[in-house]
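Everything on this sheet refers to the single structure shown next.
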Amino acid sequence: MTLNRNNRNFKIVRLYLISLVCIVCYFVMENYNVINELFKKSRNFRYHGFITLVFTGLLQYGLLTVGICIFIFLSFMLIREKIKND
């Protein structure tokens with residue numbers, strides 16, 4: 001019984017860590033010149049970096065969305081379980 005509970009707790013902690021990593025990656029991409037440097041390198045291609053901007057924008061806001069959704073969903077499930085048990 002305790003082994004199963006410990007595995008569940010480790011899964012919860014791992015999901016919170018994944019959420020935190022996604023949010024941190026979003027802020028790193030937002031605050032550093034990663035996107036600008038990629039854009040400068042891809043100016044020589046056919047669409048002058050448009051695809052790079054689209055891809056990095058989708059990646060950046062995808063990371064933010066996934067990070068926030070995991071955090072909210074996991075918190076909601078844990079709160080609901082706590083209320084149900086009391």
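Here, A, B, ... name the chains of the structure tokens in the order displayed, residue numbers run from 1 inside each chain, and ligands are numbered from 1 in the same displayed order.
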
Exercise. As a PyMOL selection string, which residues of region 38-79 of chain A does DSSP assign to alpha helix (DSSP H)?
Worked result: chain A and resi 38-41+50-79

For this session: Show which residues sit within 12 Å of Ser75 (chain A), as a PyMOL selection string. Count only C-alpha atoms, and ignore same-chain residues fewer than 4 positions away.
Result: chain A and resi 12-13+15-16+19+68-71+79-82

Output of the above residues as a PDB file, in the first residue's frame, restricted to N, CA and C atoms:
ATOM      1  N   ILE A  12       3.321  12.730  -8.993  1.00  0.00           N
ATOM      2  CA  ILE A  12       2.811  14.089  -8.787  1.00  0.00           C
ATOM      3  C   ILE A  12       3.956  15.088  -8.766  1.00  0.00           C
ATOM      4  N   VAL A  13       5.018  14.754  -8.041  1.00  0.00           N
ATOM      5  CA  VAL A  13       6.177  15.651  -7.966  1.00  0.00           C
ATOM      6  C   VAL A  13       6.809  15.807  -9.342  1.00  0.00           C
ATOM      7  N   LEU A  15       5.342  15.592 -12.266  1.00  0.00           N
ATOM      8  CA  LEU A  15       4.489  16.439 -13.099  1.00  0.00           C
ATOM      9  C   LEU A  15       4.630  17.910 -12.716  1.00  0.00           C
ATOM     10  N   TYR A  16       4.732  18.203 -11.427  1.00  0.00           N
ATOM     11  CA  TYR A  16       4.959  19.589 -11.011  1.00  0.00           C
ATOM     12  C   TYR A  16       6.316  20.092 -11.510  1.00  0.00           C
ATOM     13  N   SER A  19       6.030  20.888 -15.157  1.00  0.00           N
ATOM     14  CA  SER A  19       5.329  22.161 -15.289  1.00  0.00           C
ATOM     15  C   SER A  19       6.266  23.325 -15.018  1.00  0.00           C
ATOM     16  N   ILE A  68       1.317  25.834 -17.480  1.00  0.00           N
ATOM     17  CA  ILE A  68       0.214  26.341 -16.659  1.00  0.00           C
ATOM     18  C   ILE A  68      -0.913  25.313 -16.563  1.00  0.00           C
ATOM     19  N   CYS A  69      -1.219  24.642 -17.665  1.00  0.00           N
ATOM     20  CA  CYS A  69      -2.307  23.654 -17.650  1.00  0.00           C
ATOM     21  C   CYS A  69      -1.986  22.464 -16.745  1.00  0.00           C
ATOM     22  N   ILE A  70      -0.762  21.968 -16.793  1.00  0.00           N
ATOM     23  CA  ILE A  70      -0.382  20.867 -15.900  1.00  0.00           C
ATOM     24  C   ILE A  70      -0.521  21.306 -14.451  1.00  0.00           C
ATOM     25  N   PHE A  71      -0.021  22.489 -14.138  1.00  0.00           N
ATOM     26  CA  PHE A  71      -0.078  22.995 -12.766  1.00  0.00           C
ATOM     27  C   PHE A  71      -1.520  23.136 -12.290  1.00  0.00           C
ATOM     28  N   ILE A  79      -6.860  19.023  -4.916  1.00  0.00           N
ATOM     29  CA  ILE A  79      -7.820  19.700  -4.043  1.00  0.00           C
ATOM     30  C   ILE A  79      -9.147  18.951  -4.023  1.00  0.00           C
ATOM     31  N   ARG A  80      -9.591  18.490  -5.186  1.00  0.00           N
ATOM     32  CA  ARG A  80     -10.843  17.741  -5.258  1.00  0.00           C
ATOM     33  C   ARG A  80     -10.754  16.439  -4.460  1.00  0.00           C
ATOM     34  N   GLU A  81      -9.607  15.759  -4.543  1.00  0.00           N
ATOM     35  CA  GLU A  81      -9.419  14.529  -3.792  1.00  0.00           C
ATOM     36  C   GLU A  81      -9.397  14.800  -2.281  1.00  0.00           C
ATOM     37  N   LYS A  82      -8.762  15.905  -1.902  1.00  0.00           N
ATOM     38  CA  LYS A  82      -8.700  16.259  -0.483  1.00  0.00           C
ATOM     39  C   LYS A  82     -10.087  16.569   0.064  1.00  0.00           C
TER      40      LYS A  82
END

Would you mind listing, for every residue of region 37-83 of chain A within 9 Å of region 29-33 of chain A, the two atoms forming the shortest contact and the distance between them in Å to one decimal, using only C-alpha atoms, sorted by chain and ascending residue number, as CSV?
residue,atom,partner,partner_atom,distance
A:Glu37,CA,A:Asn33,CA,6.1
A:Leu38,CA,A:Asn33,CA,8.6
A:Thr56,CA,A:Met29,CA,8.7
A:Gln60,CA,A:Met29,CA,6.8

Residue subset to file, keeping C-alpha atoms, as a PDB file, in the first residue's frame:
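Ended up saving to selection.pdb:
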ATOM      1  CA  GLU A  37      19.720  35.187 -33.083  1.00  0.00           C
ATOM      2  CA  LEU A  38      17.731  32.465 -34.841  1.00  0.00           C
ATOM      3  CA  THR A  56       9.629  29.743 -31.955  1.00  0.00           C
ATOM      4  CA  GLN A  60       7.303  29.466 -26.619  1.00  0.00           C
TER       5      GLN A  60
END

Problem set entry | Distance criterion (only C-alpha atoms): nearest to Ile23 (chain A) out of A:Asn85, A:Thr65, A:Thr52, A:Asn4 | A:Thr65
